[in-house]
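Trainee: Contents of query_13.tsv (TSV, N, CA and C atoms) are below:
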```
chain	number	residue	atom	x	y	z
W	1	MET	N	-10.83	-44.15	35.27
W	1	MET	CA	-9.43	-44.20	34.89
W	1	MET	C	-9.27	-43.94	33.39
W	2	LYS	N	-10.20	-44.49	32.61
W	2	LYS	CA	-10.15	-44.32	31.16
W	2	LYS	C	-10.29	-42.84	30.79
W	3	HIS	N	-11.18	-42.13	31.49
W	3	HIS	CA	-11.37	-40.70	31.24
W	3	HIS	C	-10.12	-39.90	31.60
W	4	LEU	N	-9.48	-40.27	32.67
W	4	LEU	CA	-8.26	-39.60	33.09
W	4	LEU	C	-7.15	-39.78	32.05
W	5	THR	N	-7.04	-40.98	31.52
W	5	THR	CA	-6.04	-41.26	30.48
W	5	THR	C	-6.31	-40.44	29.23
W	6	ILE	N	-7.54	-40.37	28.80
W	6	ILE	CA	-7.91	-39.60	27.62
W	6	ILE	C	-7.65	-38.12	27.86
W	7	LEU	N	-8.02	-37.63	29.03
W	7	LEU	CA	-7.78	-36.23	29.37
W	7	LEU	C	-6.29	-35.91	29.37
W	8	LEU	N	-5.50	-36.79	29.94
W	8	LEU	CA	-4.04	-36.59	29.97
W	8	LEU	C	-3.47	-36.59	28.55
W	9	MET	N	-3.94	-37.48	27.69
W	9	MET	CA	-3.46	-37.53	26.30
W	9	MET	C	-3.83	-36.24	25.56
W	10	LEU	N	-5.03	-35.73	25.77
W	10	LEU	CA	-5.44	-34.47	25.14
W	10	LEU	C	-4.59	-33.31	25.62
W	11	TRP	N	-4.30	-33.26	26.91
W	11	TRP	CA	-3.48	-32.19	27.47
W	11	TRP	C	-2.07	-32.24	26.87
W	12	VAL	N	-1.46	-33.42	26.80
W	12	VAL	CA	-0.12	-33.57	26.24
W	12	VAL	C	-0.11	-33.17	24.77
W	13	THR	N	-1.12	-33.59	24.01
W	13	THR	CA	-1.20	-33.24	22.59
W	13	THR	C	-1.32	-31.73	22.41
W	14	THR	N	-2.16	-31.09	23.20
W	14	THR	CA	-2.33	-29.64	23.12
W	14	THR	C	-1.03	-28.93	23.45
W	15	ALA	N	-0.34	-29.36	24.48
W	15	ALA	CA	0.94	-28.75	24.85
W	15	ALA	C	1.97	-28.92	23.74
W	16	MET	N	2.00	-30.09	23.12
W	16	MET	CA	2.95	-30.34	22.03
W	16	MET	C	2.63	-29.47	20.82
W	17	LEU	N	1.36	-29.33	20.48
W	17	LEU	CA	0.98	-28.51	19.34
W	17	LEU	C	1.32	-27.05	19.57
W	18	SER	N	1.13	-26.55	20.79
W	18	SER	CA	1.50	-25.17	21.10
W	18	SER	C	2.99	-24.98	20.93
W	19	ARG	N	3.78	-25.91	21.38
W	19	ARG	CA	5.24	-25.82	21.26
W	19	ARG	C	5.66	-25.87	19.80
W	20	VAL	N	5.03	-26.74	18.99
W	20	VAL	CA	5.35	-26.83	17.57
W	20	VAL	C	5.02	-25.52	16.87
W	21	GLN	N	3.87	-24.92	17.18
W	21	GLN	CA	3.50	-23.66	16.54
W	21	GLN	C	4.48	-22.56	16.92
W	22	ALA	N	4.88	-22.48	18.18
W	22	ALA	CA	5.84	-21.47	18.59
W	22	ALA	C	7.18	-21.70	17.90
W	23	GLN	N	7.63	-22.92	17.88
W	23	GLN	CA	8.90	-23.24	17.23
W	23	GLN	C	8.85	-22.92	15.74
W	24	SER	N	7.67	-22.99	15.16
W	24	SER	CA	7.56	-22.78	13.72
W	24	SER	C	7.85	-21.33	13.32
W	25	LEU	N	7.85	-20.40	14.26
W	25	LEU	CA	8.18	-19.01	13.94
W	25	LEU	C	9.66	-18.71	14.16
W	26	ILE	N	10.31	-19.47	15.02
W	26	ILE	CA	11.70	-19.21	15.33
W	26	ILE	C	12.57	-19.48	14.10
W	27	ASN	N	13.46	-18.53	13.84
W	27	ASN	CA	14.37	-18.59	12.69
W	27	ASN	C	13.63	-18.60	11.36
W	28	THR	N	12.57	-17.80	11.28
W	28	THR	CA	11.85	-17.63	10.03
W	28	THR	C	11.83	-16.15	9.65
W	29	ASN	N	11.55	-15.89	8.39
W	29	ASN	CA	11.46	-14.53	7.87
W	29	ASN	C	10.11	-14.38	7.17
W	30	TRP	N	9.49	-13.20	7.36
W	30	TRP	CA	8.16	-12.93	6.81
W	30	TRP	C	8.19	-11.57	6.14
W	31	LYS	N	7.54	-11.46	4.98
W	31	LYS	CA	7.52	-10.17	4.29
W	31	LYS	C	6.09	-9.68	4.12
W	32	ALA	N	5.98	-8.36	4.08
W	32	ALA	CA	4.69	-7.72	3.89
W	32	ALA	C	4.92	-6.29	3.42
W	33	TYR	N	3.93	-5.76	2.72
W	33	TYR	CA	3.98	-4.35	2.34
W	33	TYR	C	3.33	-3.55	3.46
W	34	ILE	N	4.03	-2.52	3.91
W	34	ILE	CA	3.50	-1.63	4.95
W	34	ILE	C	3.34	-0.25	4.32
W	35	ALA	N	2.14	0.28	4.39
W	35	ALA	CA	1.87	1.61	3.83
W	35	ALA	C	2.44	2.67	4.76
W	36	GLU	N	1.67	3.68	5.07
W	36	GLU	CA	2.11	4.80	5.89
W	36	GLU	C	2.62	4.34	7.25
W	37	PRO	N	3.70	4.78	7.75
W	37	PRO	CA	4.63	5.76	7.22
W	37	PRO	C	5.82	5.14	6.46
W	38	VAL	N	5.81	3.81	6.26
W	38	VAL	CA	6.97	3.12	5.69
W	38	VAL	C	6.96	3.11	4.17
W	39	TYR	N	5.83	2.79	3.57
W	39	TYR	CA	5.67	2.70	2.11
W	39	TYR	C	6.75	1.81	1.50
W	40	ASP	N	6.85	0.58	2.00
W	40	ASP	CA	7.89	-0.33	1.53
W	40	ASP	C	7.48	-1.77	1.86
W	41	THR	N	8.07	-2.70	1.13
W	41	THR	CA	7.95	-4.11	1.48
W	41	THR	C	9.05	-4.40	2.48
W	42	ILE	N	8.66	-4.86	3.65
W	42	ILE	CA	9.61	-5.11	4.71
W	42	ILE	C	9.75	-6.61	4.94
W	43	VAL	N	10.83	-7.00	5.60
W	43	VAL	CA	11.02	-8.39	6.00
W	43	VAL	C	11.22	-8.41	7.50
W	44	TRP	N	10.42	-9.23	8.17
W	44	TRP	CA	10.50	-9.40	9.62
W	44	TRP	C	11.26	-10.69	9.87
W	45	HIS	N	12.42	-10.58	10.50
W	45	HIS	CA	13.31	-11.70	10.79
W	45	HIS	C	13.09	-12.08	12.25
W	46	ILE	N	12.50	-13.24	12.50
W	46	ILE	CA	12.18	-13.68	13.86
W	46	ILE	C	13.22	-14.72	14.28
W	47	ARG	N	13.90	-14.45	15.38
W	47	ARG	CA	14.92	-15.34	15.90
W	47	ARG	C	14.46	-15.93	17.22
W	48	THR	N	15.33	-16.60	17.94
W	48	THR	CA	14.95	-17.28	19.18
W	48	THR	C	14.41	-16.32	20.23
W	49	ASP	N	15.08	-15.22	20.47
W	49	ASP	CA	14.65	-14.29	21.51
W	49	ASP	C	14.70	-12.84	21.06
W	50	SER	N	14.80	-12.64	19.77
W	50	SER	CA	14.83	-11.28	19.23
W	50	SER	C	14.25	-11.29	17.82
W	51	SER	N	14.01	-10.10	17.32
W	51	SER	CA	13.56	-9.97	15.93
W	51	SER	C	14.03	-8.62	15.41
W	52	PHE	N	14.10	-8.52	14.10
W	52	PHE	CA	14.41	-7.24	13.49
W	52	PHE	C	13.70	-7.15	12.16
W	53	VAL	N	13.43	-5.91	11.76
W	53	VAL	CA	12.70	-5.64	10.52
W	53	VAL	C	13.62	-4.86	9.60
W	54	THR	N	13.69	-5.31	8.33
W	54	THR	CA	14.51	-4.60	7.35
W	54	THR	C	13.62	-4.11	6.21
W	55	GLY	N	14.03	-2.98	5.63
W	55	GLY	CA	13.37	-2.46	4.45
W	55	GLY	C	13.87	-3.18	3.22
W	56	SER	N	13.32	-2.85	2.05
W	56	SER	CA	13.70	-3.52	0.81
W	56	SER	C	15.16	-3.29	0.45
W	57	ASN	N	15.77	-2.22	0.97
W	57	ASN	CA	17.18	-1.96	0.69
W	57	ASN	C	18.11	-2.56	1.75
W	58	GLY	N	17.54	-3.30	2.72
W	58	GLY	CA	18.34	-3.96	3.75
W	58	GLY	C	18.55	-3.17	5.02
W	59	THR	N	18.11	-1.92	5.05
W	59	THR	CA	18.26	-1.09	6.24
W	59	THR	C	17.40	-1.64	7.38
W	60	VAL	N	17.98	-1.75	8.57
W	60	VAL	CA	17.23	-2.20	9.74
W	60	VAL	C	16.34	-1.07	10.21
W	61	LEU	N	15.04	-1.32	10.28
W	61	LEU	CA	14.06	-0.31	10.67
W	61	LEU	C	13.72	-0.36	12.15
W	62	VAL	N	13.73	-1.56	12.72
W	62	VAL	CA	13.43	-1.72	14.16
W	62	VAL	C	13.99	-3.05	14.64
W	63	ARG	N	14.49	-3.04	15.89
W	63	ARG	CA	14.97	-4.25	16.56
W	63	ARG	C	14.14	-4.43	17.83
W	64	SER	N	13.79	-5.68	18.12
W	64	SER	CA	12.94	-5.96	19.27
W	64	SER	C	13.39	-7.20	20.01
W	65	VAL	N	13.15	-7.20	21.32
W	65	VAL	CA	13.19	-8.45	22.07
W	65	VAL	C	11.88	-9.14	21.71
W	66	CYS	N	11.95	-10.41	21.38
W	66	CYS	CA	10.78	-11.15	20.90
W	66	CYS	C	10.66	-12.44	21.70
W	67	LYS	N	9.55	-12.60	22.42
W	67	LYS	CA	9.33	-13.81	23.21
W	67	LYS	C	8.08	-14.50	22.68
W	68	ILE	N	8.24	-15.77	22.32
W	68	ILE	CA	7.13	-16.55	21.79
W	68	ILE	C	6.75	-17.61	22.81
W	69	SER	N	5.46	-17.66	23.12
W	69	SER	CA	4.95	-18.64	24.06
W	69	SER	C	3.62	-19.15	23.51
W	70	GLY	N	3.60	-20.41	23.12
W	70	GLY	CA	2.38	-20.97	22.52
W	70	GLY	C	2.04	-20.22	21.25
W	71	ASP	N	0.86	-19.62	21.22
W	71	ASP	CA	0.42	-18.87	20.03
W	71	ASP	C	0.46	-17.37	20.28
W	72	THR	N	1.33	-16.94	21.22
W	72	THR	CA	1.42	-15.53	21.58
W	72	THR	C	2.86	-15.04	21.41
W	73	VAL	N	2.98	-13.84	20.89
W	73	VAL	CA	4.30	-13.22	20.75
W	73	VAL	C	4.29	-11.89	21.52
W	74	LEU	N	5.36	-11.65	22.25
W	74	LEU	CA	5.54	-10.40	23.00
W	74	LEU	C	6.72	-9.67	22.37
W	75	LEU	N	6.50	-8.42	21.98
W	75	LEU	CA	7.55	-7.60	21.37
W	75	LEU	C	7.85	-6.41	22.26
W	76	ASN	N	9.14	-6.12	22.39
W	76	ASN	CA	9.57	-4.95	23.13
W	76	ASN	C	10.72	-4.32	22.34
W	77	ASP	N	10.43	-3.25	21.62
W	77	ASP	CA	11.42	-2.61	20.75
W	77	ASP	C	12.51	-1.94	21.57
W	78	TYR	N	13.73	-1.95	20.99
W	78	TYR	CA	14.83	-1.26	21.67
W	78	TYR	C	15.71	-0.44	20.74
W	79	ASP	N	15.50	-0.51	19.43
W	79	ASP	CA	16.36	0.25	18.52
W	79	ASP	C	15.67	0.39	17.17
W	80	GLY	N	15.93	1.50	16.49
W	80	GLY	CA	15.47	1.66	15.13
W	80	GLY	C	14.63	2.90	14.90
W	81	GLN	N	14.46	3.19	13.62
W	81	GLN	CA	13.73	4.38	13.19
W	81	GLN	C	12.25	4.32	13.58
W	82	PHE	N	11.66	3.13	13.59
W	82	PHE	CA	10.23	2.98	13.88
W	82	PHE	C	9.99	2.26	15.21
W	83	THR	N	10.83	2.53	16.19
W	83	THR	CA	10.74	1.86	17.48
W	83	THR	C	9.65	2.46	18.36
W	84	CYS	N	9.11	1.63	19.22
W	84	CYS	CA	8.18	2.05	20.27
W	84	CYS	C	8.83	1.65	21.59
W	85	PRO	N	9.79	2.44	22.09
W	85	PRO	CA	10.52	2.04	23.29
W	85	PRO	C	9.64	2.03	24.53
W	86	ASP	N	9.94	1.10	25.42
W	86	ASP	CA	9.23	0.99	26.70
W	86	ASP	C	7.73	0.79	26.54
W	87	THR	N	7.34	0.23	25.40
W	87	THR	CA	5.92	-0.04	25.14
W	87	THR	C	5.79	-1.44	24.55
W	88	PRO	N	5.72	-2.46	25.40
W	88	PRO	CA	5.61	-3.82	24.87
W	88	PRO	C	4.26	-4.05	24.20
W	89	GLY	N	4.26	-4.96	23.25
W	89	GLY	CA	3.02	-5.32	22.56
W	89	GLY	C	2.86	-6.82	22.54
W	90	ARG	N	1.63	-7.30	22.77
W	90	ARG	CA	1.33	-8.73	22.75
W	90	ARG	C	0.32	-9.03	21.67
W	91	TYR	N	0.59	-10.11	20.93
W	91	TYR	CA	-0.25	-10.51	19.81
W	91	TYR	C	-0.43	-12.02	19.80
W	92	LYS	N	-1.59	-12.43	19.39
W	92	LYS	CA	-1.84	-13.84	19.13
W	92	LYS	C	-1.56	-14.06	17.65
W	93	PHE	N	-0.92	-15.16	17.31
W	93	PHE	CA	-0.64	-15.41	15.90
W	93	PHE	C	-1.21	-16.75	15.45
W	94	ALA	N	-1.46	-16.82	14.16
W	94	ALA	CA	-1.93	-18.06	13.52
W	94	ALA	C	-1.18	-18.21	12.21
W	95	ARG	N	-0.55	-19.34	12.07
W	95	ARG	CA	0.20	-19.63	10.85
W	95	ARG	C	-0.56	-20.68	10.06
W	96	VAL	N	-0.83	-20.36	8.79
W	96	VAL	CA	-1.48	-21.30	7.89
W	96	VAL	C	-0.59	-21.40	6.65
W	97	GLU	N	0.09	-22.54	6.56
W	97	GLU	CA	1.05	-22.78	5.48
W	97	GLU	C	2.07	-21.65	5.43
W	98	ASP	N	2.10	-20.89	4.34
W	98	ASP	CA	3.12	-19.83	4.21
W	98	ASP	C	2.59	-18.44	4.52
W	99	MET	N	1.47	-18.36	5.24
W	99	MET	CA	0.89	-17.08	5.64
W	99	MET	C	0.83	-17.00	7.16
W	100	LEU	N	0.98	-15.77	7.67
W	100	LEU	CA	0.98	-15.54	9.10
W	100	LEU	C	0.07	-14.36	9.41
W	101	ASN	N	-0.82	-14.54	10.38
W	101	ASN	CA	-1.76	-13.48	10.78
W	101	ASN	C	-1.62	-13.21	12.27
W	102	PHE	N	-1.81	-11.95	12.64
W	102	PHE	CA	-1.72	-11.54	14.03
W	102	PHE	C	-3.00	-10.87	14.48
W	103	THR	N	-3.37	-11.14	15.72
W	103	THR	CA	-4.50	-10.50	16.37
W	103	THR	C	-3.97	-9.77	17.60
W	104	LEU	N	-4.35	-8.52	17.73
W	104	LEU	CA	-3.90	-7.69	18.84
W	104	LEU	C	-4.46	-8.20	20.16
W	105	ILE	N	-3.59	-8.38	21.14
W	105	ILE	CA	-4.02	-8.63	22.52
W	105	ILE	C	-3.95	-7.30	23.27
W	106	ASP	N	-2.75	-6.71	23.32
W	106	ASP	CA	-2.61	-5.36	23.87
W	106	ASP	C	-1.30	-4.74	23.39
W	107	ASP	N	-1.37	-3.48	23.03
W	107	ASP	CA	-0.21	-2.73	22.57
W	107	ASP	C	-0.60	-1.25	22.54
W	108	LEU	N	0.12	-0.43	23.29
W	108	LEU	CA	-0.16	1.01	23.30
W	108	LEU	C	0.46	1.72	22.10
W	109	CYS	N	1.31	1.03	21.35
W	109	CYS	CA	1.94	1.62	20.17
W	109	CYS	C	1.03	1.39	18.96
W	110	GLN	N	0.25	2.40	18.63
W	110	GLN	CA	-0.75	2.29	17.56
W	110	GLN	C	-0.13	1.94	16.21
W	111	GLY	N	1.01	2.54	15.88
W	111	GLY	CA	1.65	2.28	14.59
W	111	GLY	C	2.07	0.83	14.44
W	112	ARG	N	2.69	0.28	15.47
W	112	ARG	CA	3.11	-1.13	15.44
W	112	ARG	C	1.89	-2.04	15.37
W	113	ALA	N	0.90	-1.76	16.20
W	113	ALA	CA	-0.31	-2.59	16.24
W	113	ALA	C	-0.99	-2.63	14.88
W	114	THR	N	-1.13	-1.48	14.26
W	114	THR	CA	-1.79	-1.41	12.95
W	114	THR	C	-0.97	-2.15	11.90
W	115	SER	N	0.34	-1.91	11.89
W	115	SER	CA	1.20	-2.55	10.89
W	115	SER	C	1.19	-4.06	11.00
W	116	ILE	N	1.32	-4.57	12.22
W	116	ILE	CA	1.41	-6.01	12.42
W	116	ILE	C	0.09	-6.70	12.10
W	117	THR	N	-1.02	-6.13	12.54
W	117	THR	CA	-2.31	-6.83	12.39
W	117	THR	C	-2.96	-6.67	11.03
W	118	THR	N	-2.63	-5.62	10.29
W	118	THR	CA	-3.27	-5.44	8.97
W	118	THR	C	-2.44	-5.98	7.82
W	119	ALA	N	-1.16	-6.23	8.07
W	119	ALA	CA	-0.28	-6.72	7.00
W	119	ALA	C	-0.61	-8.16	6.63
W	120	LYS	N	-0.37	-8.49	5.38
W	120	LYS	CA	-0.51	-9.86	4.90
W	120	LYS	C	0.91	-10.46	4.88
W	121	TRP	N	1.27	-11.18	5.95
W	121	TRP	CA	2.61	-11.70	6.11
W	121	TRP	C	2.78	-13.01	5.35
W	122	LYS	N	3.76	-13.03	4.47
W	122	LYS	CA	4.05	-14.21	3.64
W	122	LYS	C	5.45	-14.70	3.99
W	123	LYS	N	5.59	-16.00	4.15
W	123	LYS	CA	6.88	-16.58	4.51
W	123	LYS	C	7.90	-16.37	3.40
W	124	VAL	N	9.08	-15.97	3.77
W	124	VAL	CA	10.20	-15.85	2.84
W	124	VAL	C	10.91	-17.18	2.83
W	125	PRO	N	11.00	-17.82	1.66
W	125	PRO	CA	11.68	-19.12	1.61
W	125	PRO	C	13.14	-19.00	2.00
W	126	THR	N	13.64	-19.99	2.70
W	126	THR	CA	15.06	-20.01	3.06
W	126	THR	C	15.85	-20.56	1.88
W	127	PRO	N	17.02	-19.97	1.63
W	127	PRO	CA	17.81	-20.42	0.47
W	127	PRO	C	18.35	-21.82	0.60
```
Do you think you could lay out the structure here as structure tokens?

Mentor:
Amino acid sequence: MKHLTILLMLWVTTAMLSRVQAQSLINTNWKAYIAEPVYDTIVWHIRTDSSFVTGSNGTVLVRSVCKISGDTVLLNDYDGQFTCPDTPGRYKFARVEDMLNFTLIDDLCQGRATSITTAKWKKVPTP
């Protein structure tokens, strides 16, 4: 019985930590410099079920449906200059303080995959 209680407590703790990590990305903004083909510092605005990326002048570069589950994010672009339509991408993420890193799970859009996984994402402070 003692082992069952400990196992249940570990499972609940793990589930809560996954939810906290996912929630920690919702309604946050992250910036990074993207080289070719953008050559600009962009800001990725992550919302509850969508995200959008803006250039340094405020122009929206891409809009996506964004689903966060645990430590995984699923992106499906639907609008913008750098969109990958009908090509969803899945990434595992890790947030350490004000930095965010992504690891590719699967994405047929090479440009998005390269940009997301090689960028050094830094949290944009909220005003």

Trainee: Of the residues W:Val124, W:Ile46, W:Ala113, W:Leu61, which is the one nearest to Leu25 (chain W), using only C-alpha atoms?

Mentor: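 Looking only at the distances to Leu25 (chain W), the closest residue turns out to be W:Ile46.
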
Trainee: Contacts of region 87-101 of chain W at 10 Å or less, counting only C-alpha atoms, minus same-chain residues fewer than 5 places along, as a PDB file with N, CA and C atoms, in the frame of the given file?

Mentor:
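After the write, part_6.pdb holds the following:
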```
ATOM      1  N   GLN W  21       3.870 -24.920  17.180  1.00  0.00           N
ATOM      2  CA  GLN W  21       3.500 -23.660  16.540  1.00  0.00           C
ATOM      3  C   GLN W  21       4.480 -22.560  16.920  1.00  0.00           C
ATOM      4  N   ALA W  22       4.880 -22.480  18.180  1.00  0.00           N
ATOM      5  CA  ALA W  22       5.840 -21.470  18.590  1.00  0.00           C
ATOM      6  C   ALA W  22       7.180 -21.700  17.900  1.00  0.00           C
ATOM      7  N   SER W  24       7.670 -22.990  15.160  1.00  0.00           N
ATOM      8  CA  SER W  24       7.560 -22.780  13.720  1.00  0.00           C
ATOM      9  C   SER W  24       7.850 -21.330  13.320  1.00  0.00           C
ATOM     10  N   LEU W  25       7.850 -20.400  14.260  1.00  0.00           N
ATOM     11  CA  LEU W  25       8.180 -19.010  13.940  1.00  0.00           C
ATOM     12  C   LEU W  25       9.660 -18.710  14.160  1.00  0.00           C
ATOM     13  N   TRP W  30       9.490 -13.200   7.360  1.00  0.00           N
ATOM     14  CA  TRP W  30       8.160 -12.930   6.810  1.00  0.00           C
ATOM     15  C   TRP W  30       8.190 -11.570   6.140  1.00  0.00           C
ATOM     16  N   LYS W  31       7.540 -11.460   4.980  1.00  0.00           N
ATOM     17  CA  LYS W  31       7.520 -10.170   4.290  1.00  0.00           C
ATOM     18  C   LYS W  31       6.090  -9.680   4.120  1.00  0.00           C
ATOM     19  N   SER W  64      13.790  -5.680  18.120  1.00  0.00           N
ATOM     20  CA  SER W  64      12.940  -5.960  19.270  1.00  0.00           C
ATOM     21  C   SER W  64      13.390  -7.200  20.010  1.00  0.00           C
ATOM     22  N   VAL W  65      13.150  -7.200  21.320  1.00  0.00           N
ATOM     23  CA  VAL W  65      13.190  -8.450  22.070  1.00  0.00           C
ATOM     24  C   VAL W  65      11.880  -9.140  21.710  1.00  0.00           C
ATOM     25  N   CYS W  66      11.950 -10.410  21.380  1.00  0.00           N
ATOM     26  CA  CYS W  66      10.780 -11.150  20.900  1.00  0.00           C
ATOM     27  C   CYS W  66      10.660 -12.440  21.700  1.00  0.00           C
ATOM     28  N   LYS W  67       9.550 -12.600  22.420  1.00  0.00           N
ATOM     29  CA  LYS W  67       9.330 -13.810  23.210  1.00  0.00           C
ATOM     30  C   LYS W  67       8.080 -14.500  22.680  1.00  0.00           C
ATOM     31  N   ILE W  68       8.240 -15.770  22.320  1.00  0.00           N
ATOM     32  CA  ILE W  68       7.130 -16.550  21.790  1.00  0.00           C
ATOM     33  C   ILE W  68       6.750 -17.610  22.810  1.00  0.00           C
ATOM     34  N   SER W  69       5.460 -17.660  23.120  1.00  0.00           N
ATOM     35  CA  SER W  69       4.950 -18.640  24.060  1.00  0.00           C
ATOM     36  C   SER W  69       3.620 -19.150  23.510  1.00  0.00           C
ATOM     37  N   GLY W  70       3.600 -20.410  23.120  1.00  0.00           N
ATOM     38  CA  GLY W  70       2.380 -20.970  22.520  1.00  0.00           C
ATOM     39  C   GLY W  70       2.040 -20.220  21.250  1.00  0.00           C
ATOM     40  N   ASP W  71       0.860 -19.620  21.220  1.00  0.00           N
ATOM     41  CA  ASP W  71       0.420 -18.870  20.030  1.00  0.00           C
ATOM     42  C   ASP W  71       0.460 -17.370  20.280  1.00  0.00           C
ATOM     43  N   THR W  72       1.330 -16.940  21.220  1.00  0.00           N
ATOM     44  CA  THR W  72       1.420 -15.530  21.580  1.00  0.00           C
ATOM     45  C   THR W  72       2.860 -15.040  21.410  1.00  0.00           C
ATOM     46  N   VAL W  73       2.980 -13.840  20.890  1.00  0.00           N
ATOM     47  CA  VAL W  73       4.300 -13.220  20.750  1.00  0.00           C
ATOM     48  C   VAL W  73       4.290 -11.890  21.520  1.00  0.00           C
ATOM     49  N   LEU W  74       5.360 -11.650  22.250  1.00  0.00           N
ATOM     50  CA  LEU W  74       5.540 -10.400  23.000  1.00  0.00           C
ATOM     51  C   LEU W  74       6.720  -9.670  22.370  1.00  0.00           C
ATOM     52  N   LEU W  75       6.500  -8.420  21.980  1.00  0.00           N
ATOM     53  CA  LEU W  75       7.550  -7.600  21.370  1.00  0.00           C
ATOM     54  C   LEU W  75       7.850  -6.410  22.260  1.00  0.00           C
ATOM     55  N   ASN W  76       9.140  -6.120  22.390  1.00  0.00           N
ATOM     56  CA  ASN W  76       9.570  -4.950  23.130  1.00  0.00           C
ATOM     57  C   ASN W  76      10.720  -4.320  22.340  1.00  0.00           C
ATOM     58  N   ASP W  77      10.430  -3.250  21.620  1.00  0.00           N
ATOM     59  CA  ASP W  77      11.420  -2.610  20.750  1.00  0.00           C
ATOM     60  C   ASP W  77      12.510  -1.940  21.570  1.00  0.00           C
ATOM     61  N   TYR W  78      13.730  -1.950  20.990  1.00  0.00           N
ATOM     62  CA  TYR W  78      14.830  -1.260  21.670  1.00  0.00           C
ATOM     63  C   TYR W  78      15.710  -0.440  20.740  1.00  0.00           C
ATOM     64  N   ASP W 106      -2.750  -6.710  23.320  1.00  0.00           N
ATOM     65  CA  ASP W 106      -2.610  -5.360  23.870  1.00  0.00           C
ATOM     66  C   ASP W 106      -1.300  -4.740  23.390  1.00  0.00           C
ATOM     67  N   ASP W 107      -1.370  -3.480  23.030  1.00  0.00           N
ATOM     68  CA  ASP W 107      -0.210  -2.730  22.570  1.00  0.00           C
ATOM     69  C   ASP W 107      -0.600  -1.250  22.540  1.00  0.00           C
ATOM     70  N   LEU W 108       0.120  -0.430  23.290  1.00  0.00           N
ATOM     71  CA  LEU W 108      -0.160   1.010  23.300  1.00  0.00           C
ATOM     72  C   LEU W 108       0.460   1.720  22.100  1.00  0.00           C
ATOM     73  N   CYS W 109       1.310   1.030  21.350  1.00  0.00           N
ATOM     74  CA  CYS W 109       1.940   1.620  20.170  1.00  0.00           C
ATOM     75  C   CYS W 109       1.030   1.390  18.960  1.00  0.00           C
ATOM     76  N   GLN W 110       0.250   2.400  18.630  1.00  0.00           N
ATOM     77  CA  GLN W 110      -0.750   2.290  17.560  1.00  0.00           C
ATOM     78  C   GLN W 110      -0.130   1.940  16.210  1.00  0.00           C
ATOM     79  N   ARG W 112       2.690   0.280  15.470  1.00  0.00           N
ATOM     80  CA  ARG W 112       3.110  -1.130  15.440  1.00  0.00           C
ATOM     81  C   ARG W 112       1.890  -2.040  15.370  1.00  0.00           C
ATOM     82  N   ALA W 113       0.900  -1.760  16.200  1.00  0.00           N
ATOM     83  CA  ALA W 113      -0.310  -2.590  16.240  1.00  0.00           C
ATOM     84  C   ALA W 113      -0.990  -2.630  14.880  1.00  0.00           C
ATOM     85  N   ILE W 116       1.320  -4.570  12.220  1.00  0.00           N
ATOM     86  CA  ILE W 116       1.410  -6.010  12.420  1.00  0.00           C
ATOM     87  C   ILE W 116       0.090  -6.700  12.100  1.00  0.00           C
ATOM     88  N   THR W 117      -1.020  -6.130  12.540  1.00  0.00           N
ATOM     89  CA  THR W 117      -2.310  -6.830  12.390  1.00  0.00           C
ATOM     90  C   THR W 117      -2.960  -6.670  11.030  1.00  0.00           C
ATOM     91  N   THR W 118      -2.630  -5.620  10.290  1.00  0.00           N
ATOM     92  CA  THR W 118      -3.270  -5.440   8.970  1.00  0.00           C
ATOM     93  C   THR W 118      -2.440  -5.980   7.820  1.00  0.00           C
ATOM     94  N   ALA W 119      -1.160  -6.230   8.070  1.00  0.00           N
ATOM     95  CA  ALA W 119      -0.280  -6.720   7.000  1.00  0.00           C
ATOM     96  C   ALA W 119      -0.610  -8.160   6.630  1.00  0.00           C
ATOM     97  N   LYS W 120      -0.370  -8.490   5.380  1.00  0.00           N
ATOM     98  CA  LYS W 120      -0.510  -9.860   4.900  1.00  0.00           C
ATOM     99  C   LYS W 120       0.910 -10.460   4.880  1.00  0.00           C
ATOM    100  N   TRP W 121       1.270 -11.180   5.950  1.00  0.00           N
ATOM    101  CA  TRP W 121       2.610 -11.700   6.110  1.00  0.00           C
ATOM    102  C   TRP W 121       2.780 -13.010   5.350  1.00  0.00           C
ATOM    103  N   LYS W 122       3.760 -13.030   4.470  1.00  0.00           N
ATOM    104  CA  LYS W 122       4.050 -14.210   3.640  1.00  0.00           C
ATOM    105  C   LYS W 122       5.450 -14.700   3.990  1.00  0.00           C
ATOM    106  N   LYS W 123       5.590 -16.000   4.150  1.00  0.00           N
ATOM    107  CA  LYS W 123       6.880 -16.580   4.510  1.00  0.00           C
ATOM    108  C   LYS W 123       7.900 -16.370   3.400  1.00  0.00           C
ATOM    109  N   VAL W 124       9.080 -15.970   3.770  1.00  0.00           N
ATOM    110  CA  VAL W 124      10.200 -15.850   2.840  1.00  0.00           C
ATOM    111  C   VAL W 124      10.910 -17.180   2.830  1.00  0.00           C
ATOM    112  N   PRO W 125      11.000 -17.820   1.660  1.00  0.00           N
ATOM    113  CA  PRO W 125      11.680 -19.120   1.610  1.00  0.00           C
ATOM    114  C   PRO W 125      13.140 -19.000   2.000  1.00  0.00           C
TER     115      PRO W 125
END
```

Trainee: Using all atoms listed in the file, can you tell me which of W:Gln81, W:Trp44, W:Ser115, W:Asp86 comes closest to Val60 (chain W)?

Mentor: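 Selected residue with least distance to Val60 (chain W): W:Gln81.
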
Trainee: Could you please write out, as a VMD selection string, every residue of chain W that DSSP assigns to strand (DSSP E or B)?

Mentor: chain W and resid 28 to 34 40 to 46 50 to 54 60 to 69 72 to 79 89 to 96 99 to 107 121 to 123

Trainee: For CA of Thr54 (chain W) and CA of Ile26 (chain W), determine how far apart the two atoms are, in Å to one decimal place.

Mentor: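 Computed distance, CA of Thr54 (chain W) to CA of Ile26 (chain W), equals 16.9 Å.
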
Trainee: CA of Thr41 (chain W) to atom C of Arg63 (chain W): how many Å, to one decimal?

Mentor: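 Calculated distance between CA of Thr41 (chain W) and atom C of Arg63 (chain W) is 17.5 Å.
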
Trainee: Determine which residues of chain W receive a DSSP assignment of helix (DSSP H, G or I), computed from the backbone, and state them as a PyMOL selection string.

Mentor: chain W and resi 2-23+110-118
